Every structure is written in structure tokens, then in C-alpha cells.
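The structure under discussion appears below in the form of C-alpha cells.
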Amino acid sequence: MKIAVAEIDSVGNDISYDGLAKLGDVAFYKDKITPENAKERLGNGEEILCINKSKITKELLDNAPDLKLICEFATGFDNVDIAECSKRGIKVANVAGYSTMSVAQHTFALLFYLMEDLKGYDEFVKSGEYAAQTYFSKVDVPFHEIDGMTWGIIGMGNIGRKVAQIATAFGAKVIFYSASGRTAHNDMDSEYEMVTYDELLERSDVISLHCPLSDKTRNLIDADALKKMKKTAYLINVARGPVVNEQDLTEALLNDEIAGAGLDVLSVEPMAKDNPLLKIQDSKKLFITPHMAWASVEARSRCVDEVCKNILAFMDGKSRNWIN
């Protein structure tokens with residue numbers, strides 16, 4: 001069976017792809033599959049295509065008549081025309097749950113960087129100022145403990161529940177809001193208080209976003225929401241960029257409406273050169289990482305392993321993670 005693996009650089013060159021290489025006649029490509037290169041790369045009997053962010057359109061599929069399976073190196077699949085694939089009998093499979101620990105860990109990394117001004121302390125030491133002073137410590141930049149705080153979670157899926165566990169271990173009271181309107185659906189959710197959206201905004205000292213992007217969550221964090229938050233609150237977004245209105249967040253941070261924001265996702269990625277958030281250069285207010293919360297070595301290795309399992313299931317005629 002022939003397999004084309006695109007965008008290998010987006011998954012990383014520091015992990016093993018031996019599992020994929022053993023599954024058939026495999027061709028690896030660094031860049032995306034496009035309508036322009038599809039005929040060359042998929043026109044020779046390639047039956048399986050592995051992708052990350054490549055756009056799978058009708059035009060591309062026209063140039064890949066032998067395609068039978070598309071495997072995402074991701075949980076999301078909005079880059080694939082599912083309806084068109086279904087018409088042609090092409091199965092589409094994603095992977096889920098592989099990045100839970102990685103994203104949960106990064107959620108706290110973002111918060112600690114902001115809340116404890118780690119950049120400022122590091123620069124203070126490396127500049128020589130610490131060595132030049134007579135006092136053994138530096139306490140003029142206050143920070144607070146998570147213990148006793150209220151942590152609000154929007155999106156109580158696998159990642160949200162893991163963050164809730166960790167926040168609880170730190171001594172926080174966890175509350176959550178269900179943007180979908182569904183009530184708590186398992187024993188773990190029932191451990192935490194489900195509240196209205198306004199109540200979550202008003203009570204939380206930290207709000208972390210772990211929800212999917214939908215019509216209900218797009219621009220969920222807007223000017224009105226930010227005004228309802230505590231001035232001492234922190235916002236962490238490791239969900240999807242468009243959940244937060246970036247212009248409104250910029251204004252809120254410039255006007256000290258909240259204490260700070262840590263973002264791993266943006267409305268346009270890579271970041272648009274005219275993104276209003278670039279107005280804020282103060283890392284104590286805003287800290288942005290380039291959509292890498294999902295990407296621990298372990299998470300990326302699990303992702304590739306899950307794609308291998310999806311392909312093996314397909315070869316065996318079994319159903320596994322099919323979207324259509």
C-alpha cells in the first residue's frame with residue numbers, strides 16, 4: 001500500500017517515523033499537499049495521505065483518484081472537505097487525546113510566567129543587579145499563590161479536566177462553564193461546580209480556555225466579557241485563537257481591565273503582522289507562544305503512533321477514529 005506523508009516538518013524531525021515507514025511504500029514530504037502538486041505526489045496509486053494543515057478540497061481530490069484514506073496528525077479536521085470525501089468513498093481519521101498532558105502542562109507554564117514575572121526576575125539576576133545588592137531577596141514585585149484562588153474553566157473536555165485536577169492539587173477551587181449547554185457528563189465533572197458564563201467571569205481569578213471553536217465560542221471572550229472579569233484575573237487561551245477577540249483583549253490589557261493574558265493560539269497563524277496584540281510589549285501583561293502547547297516530544301510521538309494505528313485499522317477493514 002502506498003502512503004504519502006505531508007508536512008513532516010510540522011510534526012517535527014526529532015521523533016521517530018519508523019512505525020509509518022513499516023506500513024508500506026511511504027513517501028515523506030516537508031511541505032503541504034496542494035492541488036498543484038497532488039497529481040505528482042498522489043497520482044501514482046497512493047492510497048493513503050497523512051496531513052496536518054493541508055487543505056483537502058474538491059480540486060485536490062480530483063488530482064488524487066486512488067486516494068482511499070486521509071489521516072490527520074491532529075484532532076481538528078476543518079481543513080478537509082468531509083462531504084466531498086464521503087461522496088468519493090474516502091475515509092478521514094483524526095487523533096484525539098494525544099496532547100492532553102502537554103497542553104495542560106503549558107497552561108500552567110503560561111500562568112506562572114505571567115503571575116510570577118519570571119522574565120523580570122531572570123533579567124534582574126543576569127543584569128548583575130542581584131549581585132550588586134546587599135539584600136538576599138527581591139520582594140518588590142508581588143505575586144500570589146494559586147491556593148485559595150477560583151479557577152474558571154471553559155471547556156471541560158479531556159484537557160479541561162486535567163487542568164482542573166492540577167489546579168485542585170494546587171489548592172484552587174475549580175468552577176466551569178459549558179459553552180455547549182450540556183450539563184456535567186461524568187463523575188469527574190460532578191466534582192466541580194458548573195456555573196453560568198457571567199458567574200464564571202465574575203468569580204474567577206484565573207480563566208483557562210479549552211473549548212472547541214464553534215458558532216457558540218467564536219469571540220466568546222469579547223469586550224463585555226473582559227469587563228466582567230476581575231481586574232486581578234488572568235486569562236489563558238490554549239483552545240483556538242478566534243475564541244478571543246484580539247482587538248478587545250488588546251484594549252482590556254492596555255486599560256488594565258485584567259492583570260494579564262497568556263496565549264498559545266491566535267486568530268491567524270502564523271501571527272498576522274498587523275495583529276493588535278503586538279502593541280503590548282510588556283511580558284508581565286501579555287505572553288504569547290507560537291501554538292506549541294500540543295507539541296511535547298511525547299505528545300508528537302503519541303500522535304504519530306495513533307496515525308499508525310488508524311492506518312493499520314483501515315488495512316484490517318476495521319473502524320477506528322473515522323470522521324465520516
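Chain lettering (A, B, ...) mirrors the order of the C-alpha cells, residue numbering begins at 1 for each chain separately, and ligand numbering begins at 1 in order of display.
Using only C-alpha atoms, the residues found no farther than 7 Å from Glu72 (chain A), other than those of its own chain fewer than 2 positions away, are Cys50, Ile51, Asn52, Ile70, Ala74, Ala93, Asn94 and Val95 of chain A.
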Can you spit out the residues from that selection as a compact mmCIF listing (two decimals), in the first residue's frame, using N, CA, C and O atoms?
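Resulting contents of result_39.txt:
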# COMPACT_ATOMS: atom_id res chain seq x y z
N CYS A 50 -1.32 11.32 4.75
CA CYS A 50 -1.24 11.84 6.12
C CYS A 50 -0.92 13.33 6.06
O CYS A 50 0.02 13.73 5.37
N ILE A 51 -1.70 14.13 6.78
CA ILE A 51 -1.57 15.59 6.71
C ILE A 51 -1.70 16.21 8.10
O ILE A 51 -2.09 15.54 9.06
N ASN A 52 -1.38 17.50 8.15
CA ASN A 52 -1.60 18.28 9.37
C ASN A 52 -2.53 19.45 9.08
O ASN A 52 -3.64 19.50 9.57
N ILE A 70 -7.52 9.45 4.42
CA ILE A 70 -6.78 10.64 4.85
C ILE A 70 -6.64 10.58 6.37
O ILE A 70 -7.63 10.45 7.09
N ALA A 74 -3.69 15.38 13.82
CA ALA A 74 -4.34 16.40 14.63
C ALA A 74 -5.72 15.92 15.05
O ALA A 74 -6.25 14.96 14.49
N ALA A 93 -9.66 10.14 9.10
CA ALA A 93 -9.46 9.78 10.50
C ALA A 93 -8.62 10.85 11.20
O ALA A 93 -7.68 11.39 10.62
N ASN A 94 -8.98 11.15 12.44
CA ASN A 94 -8.19 12.08 13.24
C ASN A 94 -7.59 11.36 14.43
O ASN A 94 -7.75 10.15 14.60
N VAL A 95 -6.87 12.09 15.27
CA VAL A 95 -6.36 11.55 16.53
C VAL A 95 -6.83 12.47 17.65
O VAL A 95 -6.89 13.68 17.49
Residues within 6 Å of His210 (chain A), please, as a short mmCIF file (atom, residue, chain, number, x, y, z; two decimals) with all heavy atoms, in the first residue's frame. Count only C-alpha atoms; anything in the same chain fewer than 3 positions from it doesn't count.
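What follows is the written file selection_21.cif:
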data_model
loop_
_atom_site.label_atom_id
_atom_site.label_comp_id
_atom_site.auth_asym_id
_atom_site.auth_seq_id
_atom_site.Cartn_x
_atom_site.Cartn_y
_atom_site.Cartn_z
N ILE A 154 -13.40 26.96 30.81
CA ILE A 154 -14.38 26.91 29.73
C ILE A 154 -13.96 25.80 28.79
O ILE A 154 -12.94 25.90 28.10
CB ILE A 154 -14.47 28.26 28.99
CG1 ILE A 154 -14.90 29.37 29.95
CG2 ILE A 154 -15.46 28.16 27.83
CD1 ILE A 154 -14.95 30.75 29.33
N GLY A 155 -14.72 24.70 28.80
CA GLY A 155 -14.36 23.53 28.01
C GLY A 155 -13.87 22.41 28.88
O GLY A 155 -12.66 22.23 29.05
N GLY A 160 -9.46 20.14 29.71
CA GLY A 160 -10.06 20.90 30.80
C GLY A 160 -10.10 20.13 32.10
O GLY A 160 -9.82 20.68 33.18
N ALA A 239 -6.93 27.05 23.58
CA ALA A 239 -8.00 26.40 22.81
C ALA A 239 -7.85 26.73 21.33
O ALA A 239 -7.07 26.10 20.63
CB ALA A 239 -9.37 26.84 23.35
#
Close residues, Asn237 (chain A) itself excluded, 6 Å, only C-alpha atoms, min 6 positions apart in chain, as a PyMOL selection string: chain A and resi 208-209+263
Writing out the chosen residues with N, CA, C and O atoms as a compact mmCIF listing (two decimals), in the first residue's frame:
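out-v7.txt, freshly written:
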# COMPACT_ATOMS: atom_id res chain seq x y z
N SER A 208 -9.13 29.66 32.15
CA SER A 208 -8.41 28.99 31.07
C SER A 208 -9.41 28.42 30.08
O SER A 208 -10.45 27.88 30.45
N LEU A 209 -9.08 28.56 28.81
CA LEU A 209 -9.96 28.17 27.70
C LEU A 209 -9.48 26.86 27.09
O LEU A 209 -8.33 26.75 26.66
N LEU A 263 -1.32 33.41 25.89
CA LEU A 263 -1.95 32.86 24.68
C LEU A 263 -1.00 31.91 23.97
O LEU A 263 0.18 32.21 23.80
Strand (DSSP E or B) residues, from DSSP on the backbone, in region 211-270 of chain A, as a PyMOL selection string: chain A and resi 221+234-237+244+260-263
Restricting the output to C-alpha atoms, write the selected residues as an mmCIF file, in the first residue's frame.
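Written file, again.cif:
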data_model
loop_
_atom_site.group_PDB
_atom_site.id
_atom_site.type_symbol
_atom_site.label_atom_id
_atom_site.label_comp_id
_atom_site.auth_asym_id
_atom_site.auth_seq_id
_atom_site.Cartn_x
_atom_site.Cartn_y
_atom_site.Cartn_z
ATOM 1 C CA ILE A 221 -14.130 36.469 25.207
ATOM 2 C CA TYR A 234 -5.516 36.149 34.310
ATOM 3 C CA LEU A 235 -6.777 34.743 31.007
ATOM 4 C CA ILE A 236 -5.112 31.683 29.448
ATOM 5 C CA ASN A 237 -6.069 30.577 25.930
ATOM 6 C CA VAL A 244 -10.847 35.527 21.993
ATOM 7 C CA GLY A 260 -2.645 39.615 32.146
ATOM 8 C CA ALA A 261 -3.156 37.084 29.374
ATOM 9 C CA GLY A 262 -1.202 34.051 28.224
ATOM 10 C CA LEU A 263 -1.948 32.856 24.684
#
Please report, as a JSON list (two decimals) with C-alpha atoms, in the first residue's frame, each residue of region 235-267 of chain A to which DSSP assigns helix (DSSP H, G or I) when run on this structure's backbone.
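Result file result_20.json:
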[["chain", "number", "residue", "atom", "x", "y", "z"],
["A", 241, "GLY", "CA", -7.47, 31.78, 18.66],
["A", 242, "PRO", "CA", -10.87, 33.08, 17.48],
["A", 243, "VAL", "CA", -12.44, 32.24, 20.86],
["A", 246, "GLU", "CA", -7.90, 40.07, 19.96],
["A", 247, "GLN", "CA", -8.75, 43.75, 19.49],
["A", 248, "ASP", "CA", -10.91, 43.69, 22.62],
["A", 249, "LEU", "CA", -8.22, 41.87, 24.58],
["A", 250, "THR", "CA", -5.63, 44.43, 23.49],
["A", 251, "GLU", "CA", -7.80, 47.28, 24.76],
["A", 252, "ALA", "CA", -8.53, 45.45, 28.02],
["A", 253, "LEU", "CA", -4.82, 44.90, 28.69],
["A", 254, "LEU", "CA", -3.88, 48.47, 27.78]]
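Contact shell of Tyr192 (chain A) at 9 Å (only C-alpha atoms; same-chain neighbours under 6 positions omitted): A:Ala164, A:Lys173, A:Val174, A:Ile175, A:Phe176, A:Ala184.
The nearest approach to Leu67 (chain A) among the residues A:Met194, A:Ile280, A:Cys85, A:Ile166, with only C-alpha atoms taken into account, belongs to A:Cys85.
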Here is a test: counting only C-alpha atoms, which residue of A:Cys71, A:Ala272, A:Ala27, A:Leu61 is nearest to Leu312 (chain A)? A:Cys71
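Of the listed residues A:Ala21, A:Met1, A:Ala169, A:Met149, the one whose atoms come nearest to Lys68 (chain A) is A:Met1, with distances taken using only C-alpha atoms.
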Spatial neighbours of Gly120 (chain A), max dist 12 Å, only C-alpha atoms, sep filter under 2 positions, as a list in words: Tyr113, Leu114, Met115, Glu116, Asp117, Leu118, Asp122, Glu123, Phe124, Val125, Lys126, Ser127, Glu129, Tyr130, Lys138, Asp140, Val141, Pro142, Asp282, Ser283, Lys284 and Lys285 of chain A
Val195 (chain A): which residues within 10 Å, counting only C-alpha atoms, same-chain residues fewer than 6 positions away excluded, as a ChimeraX atom specification? /A:152,175-178,201,203
Show which residues sit within 10 Å of Ser296 (chain A), as a ChimeraX atom specification. Count only C-alpha atoms, and ignore same-chain residues fewer than 5 positions away. /A:99,101-103,105-106,301-302
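We find CA of Ser16 (chain A) and CA of Lys162 (chain A) to be spaced 27.0 Å apart.
You will find CA of Lys32 (chain A) at 5.6 Å from CA of Ala6 (chain A).
Minimum atom-to-atom distance to His291 (chain A), evaluated using only C-alpha atoms, belongs to A:Leu266 out of A:Ala38, A:Ala64, A:Leu266, A:Ala132.
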Of the candidates A:Lys279, A:Thr57, A:Phe112, A:Ala313, which one gets nearest to Phe143 (chain A) if we count only C-alpha atoms? A:Phe112
Identify which of the residues A:Ile323, A:Val297, A:Val26, A:Ile159 lies closest to Ala83 (chain A), counting only C-alpha atoms when measuring atom-to-atom distances. A:Ile323
What does the structure give for the distance between CA of Gly24 (chain A) and CA of Lys39 (chain A), in Å to one decimal? 19.7 Å
